[in-house]
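Data block for run_0.pdb (PDB, C-alpha atoms, pLDDT in the B column):
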ATOM      1  CA  MET A 149     -48.070  17.993  36.854  1.00 72.00           C
ATOM      2  CA  ILE A 150     -44.363  17.951  36.058  1.00 83.00           C
ATOM      3  CA  LYS A 151     -44.065  21.754  35.816  1.00 89.00           C
ATOM      4  CA  LYS A 152     -45.460  22.170  39.329  1.00 88.00           C
ATOM      5  CA  LEU A 153     -43.017  19.629  40.719  1.00 87.00           C
ATOM      6  CA  LEU A 154     -40.081  21.199  38.900  1.00 91.00           C
ATOM      7  CA  ASP A 155     -41.089  24.621  40.208  1.00 93.00           C
ATOM      8  CA  GLU A 156     -41.223  23.203  43.728  1.00 92.00           C
ATOM      9  CA  GLN A 157     -37.835  21.534  43.349  1.00 92.00           C
ATOM     10  CA  SER A 158     -36.176  24.658  41.948  1.00 94.00           C
ATOM     11  CA  GLY A 159     -37.534  26.629  44.904  1.00 94.00           C
ATOM     12  CA  ILE A 160     -36.017  24.101  47.297  1.00 92.00           C
ATOM     13  CA  LYS A 161     -32.709  23.580  45.539  1.00 94.00           C
ATOM     14  CA  ASN A 162     -31.880  27.114  44.342  1.00 96.00           C
ATOM     15  CA  THR A 163     -30.574  28.370  47.678  1.00 95.00           C
ATOM     16  CA  ILE A 164     -27.152  29.082  49.140  1.00 95.00           C
ATOM     17  CA  ASP A 165     -27.727  26.542  51.923  1.00 94.00           C
ATOM     18  CA  ASN A 166     -28.417  23.833  49.366  1.00 94.00           C
ATOM     19  CA  LEU A 167     -25.469  24.937  47.251  1.00 96.00           C
ATOM     20  CA  TYR A 168     -23.126  24.290  50.188  1.00 96.00           C
ATOM     21  CA  SER A 169     -24.732  20.940  51.056  1.00 93.00           C
ATOM     22  CA  HIS A 170     -22.539  19.179  48.467  1.00 93.00           C
ATOM     23  CA  PRO A 171     -19.329  20.214  46.654  1.00 95.00           C
ATOM     24  CA  ASP A 172     -19.933  22.614  43.774  1.00 96.00           C
ATOM     25  CA  PRO A 173     -17.575  24.997  41.906  1.00 98.00           C
ATOM     26  CA  LEU A 174     -20.034  27.855  42.441  1.00 98.00           C
ATOM     27  CA  GLN A 175     -19.060  27.717  46.120  1.00 98.00           C
ATOM     28  CA  VAL A 176     -15.578  28.950  45.199  1.00 98.00           C
ATOM     29  CA  VAL A 177     -17.131  31.768  43.180  1.00 98.00           C
ATOM     30  CA  TYR A 178     -19.048  32.871  46.273  1.00 98.00           C
ATOM     31  CA  ASP A 179     -15.876  32.597  48.349  1.00 97.00           C
ATOM     32  CA  ASN A 180     -14.402  35.279  46.041  1.00 98.00           C
ATOM     33  CA  ILE A 181     -17.586  37.293  45.457  1.00 97.00           C
ATOM     34  CA  ASN A 182     -16.032  40.603  46.524  1.00 97.00           C
ATOM     35  CA  SER A 183     -13.092  40.371  44.132  1.00 97.00           C
ATOM     36  CA  GLU A 184     -12.956  42.915  41.309  1.00 97.00           C
ATOM     37  CA  ASP A 185     -12.034  39.963  39.091  1.00 98.00           C
ATOM     38  CA  ILE A 186     -15.115  37.925  39.971  1.00 98.00           C
ATOM     39  CA  GLU A 187     -16.222  37.419  36.346  1.00 98.00           C
ATOM     40  CA  PHE A 188     -12.819  35.940  35.455  1.00 98.00           C
ATOM     41  CA  ILE A 189     -12.659  33.880  38.652  1.00 98.00           C
ATOM     42  CA  ALA A 190     -16.115  32.501  37.846  1.00 98.00           C
ATOM     43  CA  LEU A 191     -15.014  31.586  34.313  1.00 98.00           C
ATOM     44  CA  ILE A 192     -11.975  29.739  35.660  1.00 98.00           C
ATOM     45  CA  CYS A 193     -14.186  27.882  38.142  1.00 98.00           C
ATOM     46  CA  ALA A 194     -16.674  26.960  35.421  1.00 98.00           C
ATOM     47  CA  LEU A 195     -14.093  25.776  32.898  1.00 98.00           C
ATOM     48  CA  PHE A 196     -12.288  23.610  35.469  1.00 98.00           C
ATOM     49  CA  ALA A 197     -15.648  22.044  36.373  1.00 97.00           C
ATOM     50  CA  TYR A 198     -15.150  18.599  34.904  1.00 95.00           C
ATOM     51  CA  GLY A 199     -14.667  15.384  36.831  1.00 91.00           C
ATOM     52  CA  ASN A 200     -15.531  14.693  40.460  1.00 91.00           C
ATOM     53  CA  ALA A 201     -17.189  17.672  42.148  1.00 93.00           C
ATOM     54  CA  GLY A 202     -15.199  17.248  45.353  1.00 95.00           C
ATOM     55  CA  ALA A 203     -11.901  17.140  43.453  1.00 95.00           C
ATOM     56  CA  ILE A 204     -12.899  20.212  41.429  1.00 97.00           C
ATOM     57  CA  VAL A 205     -13.617  22.288  44.522  1.00 97.00           C
ATOM     58  CA  LYS A 206     -10.454  21.076  46.279  1.00 97.00           C
ATOM     59  CA  PHE A 207      -8.340  22.151  43.301  1.00 97.00           C
ATOM     60  CA  LEU A 208     -10.079  25.510  42.829  1.00 98.00           C
ATOM     61  CA  LYS A 209      -9.548  26.427  46.473  1.00 97.00           C
ATOM     62  CA  LYS A 210      -5.801  26.040  45.967  1.00 96.00           C
ATOM     63  CA  LEU A 211      -5.659  28.505  43.077  1.00 97.00           C
ATOM     64  CA  ASP A 212      -4.279  31.989  43.587  1.00 95.00           C
ATOM     65  CA  PHE A 213      -6.665  34.167  41.588  1.00 97.00           C
ATOM     66  CA  THR A 214      -4.498  37.244  42.146  1.00 96.00           C
ATOM     67  CA  LEU A 215      -2.375  35.764  39.345  1.00 96.00           C
ATOM     68  CA  LEU A 216      -4.800  37.553  37.029  1.00 97.00           C
ATOM     69  CA  ASN A 217      -2.909  40.711  37.961  1.00 97.00           C
ATOM     70  CA  LYS A 218       0.636  39.367  37.768  1.00 97.00           C
ATOM     71  CA  SER A 219       3.216  39.418  34.970  1.00 97.00           C
ATOM     72  CA  ASP A 220       3.594  36.530  32.532  1.00 97.00           C
ATOM     73  CA  GLU A 221       6.899  35.622  34.167  1.00 96.00           C
ATOM     74  CA  GLU A 222       5.354  35.474  37.641  1.00 97.00           C
ATOM     75  CA  ILE A 223       2.435  33.413  36.408  1.00 97.00           C
ATOM     76  CA  ARG A 224       4.710  30.880  34.723  1.00 96.00           C
ATOM     77  CA  GLN A 225       6.325  30.136  38.107  1.00 95.00           C
ATOM     78  CA  ILE A 226       3.145  28.577  39.516  1.00 93.00           C
ATOM     79  CA  ASN A 227       2.927  24.865  40.187  1.00 90.00           C
ATOM     80  CA  HIS A 228      -0.721  23.907  39.720  1.00 93.00           C
ATOM     81  CA  LYS A 229      -2.019  21.026  37.624  1.00 93.00           C
ATOM     82  CA  TYR A 230      -5.420  19.396  37.327  1.00 94.00           C
ATOM     83  CA  ARG A 231      -6.273  16.225  35.411  1.00 93.00           C
ATOM     84  CA  PHE A 232      -5.827  17.159  31.716  1.00 95.00           C
ATOM     85  CA  GLN A 233      -3.940  20.400  32.474  1.00 96.00           C
ATOM     86  CA  ASN A 234      -0.270  20.348  33.446  1.00 97.00           C
ATOM     87  CA  GLU A 235       1.577  23.198  35.165  1.00 97.00           C
ATOM     88  CA  ARG A 236       2.331  25.006  31.901  1.00 97.00           C
ATOM     89  CA  ASP A 237      -1.277  24.674  30.758  1.00 97.00           C
ATOM     90  CA  VAL A 238      -2.605  26.239  33.955  1.00 97.00           C
ATOM     91  CA  ALA A 239      -0.088  29.081  33.725  1.00 98.00           C
ATOM     92  CA  GLU A 240      -0.994  29.837  30.109  1.00 98.00           C
ATOM     93  CA  ILE A 241      -4.702  29.742  31.001  1.00 98.00           C
ATOM     94  CA  PHE A 242      -4.125  32.503  33.548  1.00 98.00           C
ATOM     95  CA  ILE A 243      -1.977  34.449  31.092  1.00 98.00           C
ATOM     96  CA  SER A 244      -4.664  34.309  28.400  1.00 98.00           C
ATOM     97  CA  LEU A 245      -7.385  35.486  30.760  1.00 98.00           C
ATOM     98  CA  LYS A 246      -5.129  38.200  32.169  1.00 98.00           C
ATOM     99  CA  ARG A 247      -4.601  39.492  28.632  1.00 98.00           C
ATOM    100  CA  PHE A 248      -8.344  39.390  28.027  1.00 98.00           C
ATOM    101  CA  LYS A 249      -8.873  41.399  31.210  1.00 98.00           C
ATOM    102  CA  GLU A 250      -6.415  44.015  29.977  1.00 97.00           C
ATOM    103  CA  LYS A 251      -8.548  44.517  26.850  1.00 97.00           C
ATOM    104  CA  SER A 252     -12.116  44.187  28.084  1.00 97.00           C
ATOM    105  CA  SER A 253     -14.416  42.795  30.717  1.00 98.00           C
ATOM    106  CA  ILE A 254     -16.199  39.552  29.855  1.00 98.00           C
ATOM    107  CA  LYS A 255     -19.440  41.351  30.650  1.00 98.00           C
ATOM    108  CA  ASP A 256     -18.887  44.104  28.086  1.00 98.00           C
ATOM    109  CA  PHE A 257     -17.615  41.650  25.475  1.00 98.00           C
ATOM    110  CA  SER A 258     -20.591  39.333  26.014  1.00 98.00           C
ATOM    111  CA  HIS A 259     -23.121  42.162  25.900  1.00 98.00           C
ATOM    112  CA  LYS A 260     -21.647  43.448  22.636  1.00 97.00           C
ATOM    113  CA  ILE A 261     -21.878  40.055  20.898  1.00 98.00           C
ATOM    114  CA  TYR A 262     -25.301  39.347  22.373  1.00 98.00           C
ATOM    115  CA  LYS A 263     -26.789  42.580  21.062  1.00 96.00           C
ATOM    116  CA  THR A 264     -25.663  41.853  17.500  1.00 95.00           C
ATOM    117  CA  SER A 265     -26.664  38.180  17.473  1.00 94.00           C
ATOM    118  CA  LYS A 266     -29.951  37.008  15.997  1.00 86.00           C
ATOM    119  CA  ASN A 267     -30.234  33.248  16.466  1.00 85.00           C
ATOM    120  CA  ASN A 268     -29.000  31.117  19.376  1.00 88.00           C
ATOM    121  CA  LYS A 269     -27.575  34.257  20.940  1.00 96.00           C
ATOM    122  CA  ILE A 270     -25.752  32.620  23.842  1.00 97.00           C
ATOM    123  CA  LEU A 271     -24.224  30.062  21.500  1.00 97.00           C
ATOM    124  CA  GLU A 272     -22.827  32.911  19.405  1.00 97.00           C
ATOM    125  CA  VAL A 273     -21.559  34.667  22.538  1.00 98.00           C
ATOM    126  CA  ILE A 274     -19.777  31.504  23.704  1.00 98.00           C
ATOM    127  CA  GLN A 275     -18.153  30.886  20.337  1.00 98.00           C
ATOM    128  CA  ALA A 276     -17.057  34.517  20.030  1.00 98.00           C
ATOM    129  CA  LEU A 277     -15.562  34.373  23.527  1.00 98.00           C
ATOM    130  CA  ILE A 278     -13.599  31.219  22.701  1.00 98.00           C
ATOM    131  CA  THR A 279     -12.317  32.752  19.456  1.00 98.00           C
ATOM    132  CA  GLU A 280     -11.231  35.930  21.255  1.00 98.00           C
ATOM    133  CA  ILE A 281      -9.381  34.010  23.974  1.00 98.00           C
ATOM    134  CA  TYR A 282      -7.420  31.973  21.429  1.00 98.00           C
ATOM    135  CA  SER A 283      -6.405  35.162  19.627  1.00 98.00           C
ATOM    136  CA  LEU A 284      -4.629  36.394  22.749  1.00 98.00           C
ATOM    137  CA  ASN A 285      -2.086  33.597  23.153  1.00 98.00           C
ATOM    138  CA  ASP A 286      -0.209  31.414  20.635  1.00 98.00           C
ATOM    139  CA  TYR A 287       0.242  28.635  23.204  1.00 98.00           C
ATOM    140  CA  ARG A 288      -1.486  25.353  22.354  1.00 98.00           C
ATOM    141  CA  SER A 289      -1.661  21.932  23.976  1.00 98.00           C
ATOM    142  CA  ASP A 290      -4.282  19.238  24.475  1.00 97.00           C
ATOM    143  CA  GLY A 291      -4.906  20.387  28.042  1.00 97.00           C
ATOM    144  CA  TYR A 292      -5.121  24.059  27.111  1.00 98.00           C
ATOM    145  CA  GLU A 293      -7.517  23.391  24.244  1.00 98.00           C
ATOM    146  CA  PHE A 294      -9.657  21.041  26.339  1.00 97.00           C
ATOM    147  CA  PHE A 295      -9.970  23.767  28.958  1.00 98.00           C
ATOM    148  CA  PHE A 296     -11.124  26.484  26.570  1.00 98.00           C
ATOM    149  CA  SER A 297     -12.935  24.089  24.157  1.00 98.00           C
ATOM    150  CA  LYS A 298     -13.130  24.677  20.407  1.00 96.00           C
ATOM    151  CA  VAL A 299     -15.654  26.354  18.153  1.00 97.00           C
ATOM    152  CA  ASN A 300     -17.670  23.632  16.409  1.00 95.00           C
ATOM    153  CA  ASN A 301     -21.212  22.471  15.715  1.00 93.00           C
ATOM    154  CA  THR A 302     -21.193  19.478  18.035  1.00 96.00           C
ATOM    155  CA  SER A 303     -20.048  20.684  21.474  1.00 97.00           C
ATOM    156  CA  ALA A 304     -22.732  21.209  24.120  1.00 97.00           C
ATOM    157  CA  TYR A 305     -20.439  23.789  25.774  1.00 98.00           C
ATOM    158  CA  LYS A 306     -21.648  22.617  29.185  1.00 98.00           C
ATOM    159  CA  ARG A 307     -19.107  24.587  31.198  1.00 98.00           C
ATOM    160  CA  TYR A 308     -19.689  27.837  29.301  1.00 98.00           C
ATOM    161  CA  CYS A 309     -23.474  27.427  29.522  1.00 98.00           C
ATOM    162  CA  MET A 310     -23.089  26.972  33.283  1.00 98.00           C
ATOM    163  CA  TYR A 311     -20.924  30.101  33.475  1.00 98.00           C
ATOM    164  CA  TYR A 312     -23.520  32.212  31.723  1.00 98.00           C
ATOM    165  CA  ARG A 313     -26.221  30.786  33.963  1.00 98.00           C
ATOM    166  CA  TRP A 314     -24.234  31.942  36.980  1.00 98.00           C
ATOM    167  CA  MET A 315     -23.611  35.381  35.540  1.00 98.00           C
ATOM    168  CA  VAL A 316     -27.015  36.122  33.958  1.00 98.00           C
ATOM    169  CA  ARG A 317     -29.680  34.623  36.218  1.00 98.00           C
ATOM    170  CA  ASN A 318     -30.440  36.604  39.348  1.00 97.00           C
ATOM    171  CA  ASP A 319     -31.920  34.689  42.272  1.00 95.00           C
ATOM    172  CA  ASN A 320     -30.821  33.133  45.571  1.00 94.00           C
ATOM    173  CA  LEU A 321     -28.344  30.960  43.692  1.00 96.00           C
ATOM    174  CA  ASP A 322     -27.012  32.804  40.634  1.00 98.00           C
ATOM    175  CA  LEU A 323     -25.213  36.153  40.565  1.00 97.00           C
ATOM    176  CA  GLY A 324     -27.089  38.216  37.966  1.00 97.00           C
ATOM    177  CA  LEU A 325     -24.048  40.312  37.013  1.00 98.00           C
ATOM    178  CA  PHE A 326     -24.586  40.317  33.235  1.00 98.00           C
ATOM    179  CA  ASN A 327     -27.803  42.283  33.325  1.00 95.00           C
ATOM    180  CA  GLU A 328     -28.128  43.062  29.611  1.00 96.00           C
ATOM    181  CA  ILE A 329     -28.558  39.404  28.686  1.00 98.00           C
ATOM    182  CA  SER A 330     -32.011  37.894  29.052  1.00 97.00           C
ATOM    183  CA  PRO A 331     -32.314  34.671  31.102  1.00 98.00           C
ATOM    184  CA  ALA A 332     -34.790  33.545  28.428  1.00 98.00           C
ATOM    185  CA  ASP A 333     -31.870  33.061  26.011  1.00 98.00           C
ATOM    186  CA  LEU A 334     -29.715  30.926  28.303  1.00 98.00           C
ATOM    187  CA  LEU A 335     -28.812  27.393  27.235  1.00 98.00           C
ATOM    188  CA  MET A 336     -28.813  24.262  29.367  1.00 98.00           C
ATOM    189  CA  PRO A 337     -25.474  23.157  30.884  1.00 98.00           C
ATOM    190  CA  LEU A 338     -25.840  19.590  29.620  1.00 97.00           C
ATOM    191  CA  ASP A 339     -23.868  17.015  31.608  1.00 95.00           C
ATOM    192  CA  THR A 340     -24.406  13.364  32.485  1.00 93.00           C
ATOM    193  CA  HIS A 341     -26.843  14.291  35.267  1.00 93.00           C
ATOM    194  CA  THR A 342     -29.076  16.706  33.386  1.00 95.00           C
ATOM    195  CA  HIS A 343     -28.962  14.524  30.271  1.00 96.00           C
ATOM    196  CA  LYS A 344     -30.115  11.520  32.277  1.00 93.00           C
ATOM    197  CA  MET A 345     -32.888  13.528  33.914  1.00 93.00           C
ATOM    198  CA  GLY A 346     -34.032  14.889  30.562  1.00 94.00           C
ATOM    199  CA  LEU A 347     -34.331  11.375  29.156  1.00 93.00           C
ATOM    200  CA  MET A 348     -36.075  10.000  32.255  1.00 90.00           C
ATOM    201  CA  LEU A 349     -38.659  12.787  32.223  1.00 91.00           C
ATOM    202  CA  GLY A 350     -39.266  12.479  28.494  1.00 92.00           C
ATOM    203  CA  LEU A 351     -38.086  16.041  27.871  1.00 94.00           C
ATOM    204  CA  ILE A 352     -35.593  14.890  25.244  1.00 96.00           C
ATOM    205  CA  LYS A 353     -35.141  11.883  22.979  1.00 95.00           C
ATOM    206  CA  ARG A 354     -31.571  12.338  21.789  1.00 96.00           C
ATOM    207  CA  LYS A 355     -29.249   9.802  23.414  1.00 95.00           C
ATOM    208  CA  GLN A 356     -26.040  11.658  22.554  1.00 96.00           C
ATOM    209  CA  ALA A 357     -25.229  14.551  24.912  1.00 96.00           C
ATOM    210  CA  ASP A 358     -24.144  16.931  22.171  1.00 97.00           C
ATOM    211  CA  GLN A 359     -25.080  20.402  20.956  1.00 97.00           C
ATOM    212  CA  LYS A 360     -28.315  19.235  19.331  1.00 97.00           C
ATOM    213  CA  CYS A 361     -29.346  17.574  22.579  1.00 98.00           C
ATOM    214  CA  MET A 362     -28.459  20.693  24.574  1.00 98.00           C
ATOM    215  CA  LEU A 363     -30.645  22.818  22.303  1.00 97.00           C
ATOM    216  CA  GLU A 364     -33.443  20.243  22.522  1.00 97.00           C
ATOM    217  CA  LEU A 365     -33.452  20.271  26.334  1.00 98.00           C
ATOM    218  CA  SER A 366     -33.162  24.062  26.473  1.00 98.00           C
ATOM    219  CA  LYS A 367     -36.229  24.332  24.246  1.00 97.00           C
ATOM    220  CA  ALA A 368     -38.155  21.793  26.324  1.00 97.00           C
ATOM    221  CA  LEU A 369     -37.534  23.712  29.540  1.00 97.00           C
ATOM    222  CA  LYS A 370     -38.773  26.930  27.935  1.00 97.00           C
ATOM    223  CA  ASN A 371     -42.185  25.252  27.780  1.00 95.00           C
ATOM    224  CA  PHE A 372     -42.204  25.288  31.588  1.00 95.00           C
ATOM    225  CA  CYS A 373     -40.803  28.795  32.021  1.00 97.00           C
ATOM    226  CA  ASN A 374     -40.153  30.715  28.821  1.00 97.00           C
ATOM    227  CA  GLU A 375     -38.611  33.719  30.557  1.00 98.00           C
ATOM    228  CA  ASP A 376     -36.229  31.696  32.764  1.00 98.00           C
ATOM    229  CA  PRO A 377     -35.797  28.087  31.563  1.00 97.00           C
ATOM    230  CA  LEU A 378     -32.571  27.507  33.496  1.00 98.00           C
ATOM    231  CA  LYS A 379     -34.295  27.985  36.837  1.00 97.00           C
ATOM    232  CA  TYR A 380     -34.657  24.182  36.645  1.00 97.00           C
ATOM    233  CA  ASP A 381     -31.029  23.356  35.868  1.00 97.00           C
ATOM    234  CA  PHE A 382     -29.611  23.137  39.378  1.00 96.00           C
ATOM    235  CA  ALA A 383     -32.613  21.185  40.695  1.00 94.00           C
ATOM    236  CA  LEU A 384     -32.372  18.576  37.924  1.00 94.00           C
ATOM    237  CA  TYR A 385     -28.620  18.316  38.451  1.00 94.00           C
ATOM    238  CA  ARG A 386     -28.871  18.030  42.234  1.00 92.00           C
ATOM    239  CA  ILE A 387     -31.638  15.390  42.176  1.00 90.00           C
ATOM    240  CA  SER A 388     -29.475  13.163  39.990  1.00 89.00           C
ATOM    241  CA  GLN A 389     -26.181  13.972  41.710  1.00 88.00           C
ATOM    242  CA  THR A 390     -27.496  13.119  45.189  1.00 85.00           C
ATOM    243  CA  ASN A 391     -29.694  10.208  44.092  1.00 80.00           C
ATOM    244  CA  ASP A 392     -32.755  11.928  45.545  1.00 76.00           C
ATOM    245  CA  GLU A 393     -35.010   8.948  44.863  1.00 64.00           C
ATOM    246  CA  ASN A 394     -38.181  10.437  46.338  1.00 72.00           C
ATOM    247  CA  SER A 395     -38.027  13.537  44.153  1.00 74.00           C
ATOM    248  CA  LEU A 396     -36.927  11.513  41.135  1.00 72.00           C
ATOM    249  CA  GLN A 397     -39.675   8.918  41.382  1.00 77.00           C
ATOM    250  CA  GLU A 398     -42.362  11.542  41.853  1.00 74.00           C
ATOM    251  CA  LEU A 399     -41.129  13.446  38.799  1.00 73.00           C
ATOM    252  CA  ILE A 400     -41.014  10.303  36.679  1.00 72.00           C
ATOM    253  CA  LYS A 401     -44.491   9.259  37.831  1.00 74.00           C
ATOM    254  CA  ASN A 402     -45.952  12.609  36.837  1.00 68.00           C
ATOM    255  CA  ALA A 403     -44.049  12.688  33.572  1.00 65.00           C
ATOM    256  CA  ARG A 404     -45.722   9.414  32.579  1.00 62.00           C
ATOM    257  CA  ASN A 405     -49.236  10.587  33.487  1.00 62.00           C
TER     258      ASN A 405
END
Show me, as structure tokens, the structure contained in the file I just sent.
Amino acid sequence: MIKKLLDEQSGIKNTIDNLYSHPDPLQVVYDNINSEDIEFIALICALFAYGNAGAIVKFLKKLDFTLLNKSDEEIRQINHKYRFQNERDVAEIFISLKRFKEKSSIKDFSHKIYKTSKNNKILEVIQALITEIYSLNDYRSDGYEFFFSKVNNTSAYKRYCMYYRWMVRNDNLDLGLFNEISPADLLMPLDTHTHKMGLMLGLIKRKQADQKCMLELSKALKNFCNEDPLKYDFALYRISQTNDENSLQELIKNARN
């Protein structure tokens, strides 16, 4: 039975030891777990999580997260760039999040939106967060806007969905810091790995990895664990990422039966 196998895999994969077995941006979050700015550090780690996992972690480890407490002028002196973000983009990213921090915590902001939302609660939280961030800084560029994404009806918001998984779920892997949001409402961080796994296992039919597909896979996983559907996210991702053929073939075999 596919549920039994997924439960077994999530039990194996959702551990700190497994997290550190291959590069993952969540490692950098744990490296800064005692920081008072952990929720902002985690958001930065999540939103820079595109591209090669090793390159992501290497870049994140170079960042000075104390910039979240520096002046705009000090922040603009930094010399960090990553793929689509140049030095100015990275500086303005820190400035925007510093300004957010001066107004509210992400936790309080997220809880407030979540409590007033009725449908697709996490989707509404994500879109409200994006809108709020853009209101804090007039700076715009392709790299800046790619980093924070845009509010639309097509984006799967993979990096934001991953962030909220980290912050809401509470187990050996995820932090459980946003305790007023139910794990049952979390949405799948849909990337090439989880999309491929969803198709292979017959959990989804949509070939395009967009918002509709993300909602489809999120709904499918709720059939296995309604109260915590994202318990399966990291296992599905890791099986594909590491080409774990034994686990993959057994899952596919049972999905077909």
- Item | Explicit residues for the PyMOL selection byres ((chain A and resi 177-182) around 10) (as a VMD selection string) | chain A and resid 164 172 to 176 183 to 194 208 to 209 213 314 321 to 323
- Message: Evaluate the PyMOL selection byres ((chain A and resi 296-309) around 6) against this structure - the residues, as a list in words, please.
- Response: Ala194, Leu195, Gln275, Glu293, Phe294, Phe295, Met310, Tyr311, Tyr312, Leu335, Pro337, Leu338, Asp358, Gln359 and Met362 of chain A
Can you spit out the residues from that selection as a short mmCIF file (atom, residue, chain, number, x, y, z; two decimals), in the coordinates of the input, using C-alpha atoms?
data_model
loop_
_atom_site.label_atom_id
_atom_site.label_comp_id
_atom_site.auth_asym_id
_atom_site.auth_seq_id
_atom_site.Cartn_x
_atom_site.Cartn_y
_atom_site.Cartn_z
CA ALA A 194 -16.67 26.96 35.42
CA LEU A 195 -14.09 25.78 32.90
CA GLN A 275 -18.15 30.89 20.34
CA GLU A 293 -7.52 23.39 24.24
CA PHE A 294 -9.66 21.04 26.34
CA PHE A 295 -9.97 23.77 28.96
CA MET A 310 -23.09 26.97 33.28
CA TYR A 311 -20.92 30.10 33.48
CA TYR A 312 -23.52 32.21 31.72
CA LEU A 335 -28.81 27.39 27.24
CA PRO A 337 -25.47 23.16 30.88
CA LEU A 338 -25.84 19.59 29.62
CA ASP A 358 -24.14 16.93 22.17
CA GLN A 359 -25.08 20.40 20.96
CA MET A 362 -28.46 20.69 24.57
#
- Using only C-alpha atoms: which of A:Ser244, A:Asn374, A:Asn227, A:Asn320 has the shortest distance to Arg288 (chain A):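 Residue with the minimum atom-to-atom distance to Arg288 (chain A): A:Ser244.
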- Selected residue, from A:His259, A:Arg386, A:Arg231, A:Lys161, that lies nearest to Gly199 (chain A) when counting all atoms listed in the file: A:Arg231
- Message: I want to know what sits within 9 Å of Gly346 (chain A), based on all atoms listed in the file, with residues of the same chain fewer than 6 positions away left out; could you give that as a PyMOL selection string?
- Response: chain A and resi 352-353+365+384
Output C-alpha atoms for every residue in the selection just made, as a compact mmCIF listing (two decimals), in the coordinates of the input.
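This is the output file result_3.txt:
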# COMPACT_ATOMS: atom_id res chain seq x y z
CA ILE A 352 -35.59 14.89 25.24
CA LYS A 353 -35.14 11.88 22.98
CA LEU A 365 -33.45 20.27 26.33
CA LEU A 384 -32.37 18.58 37.92
- Item | Closest of A:Lys367, A:Lys246, A:Arg236, A:Arg224 to Met336 (chain A) - atom-to-atom distances counting all atoms listed in the file | A:Lys367
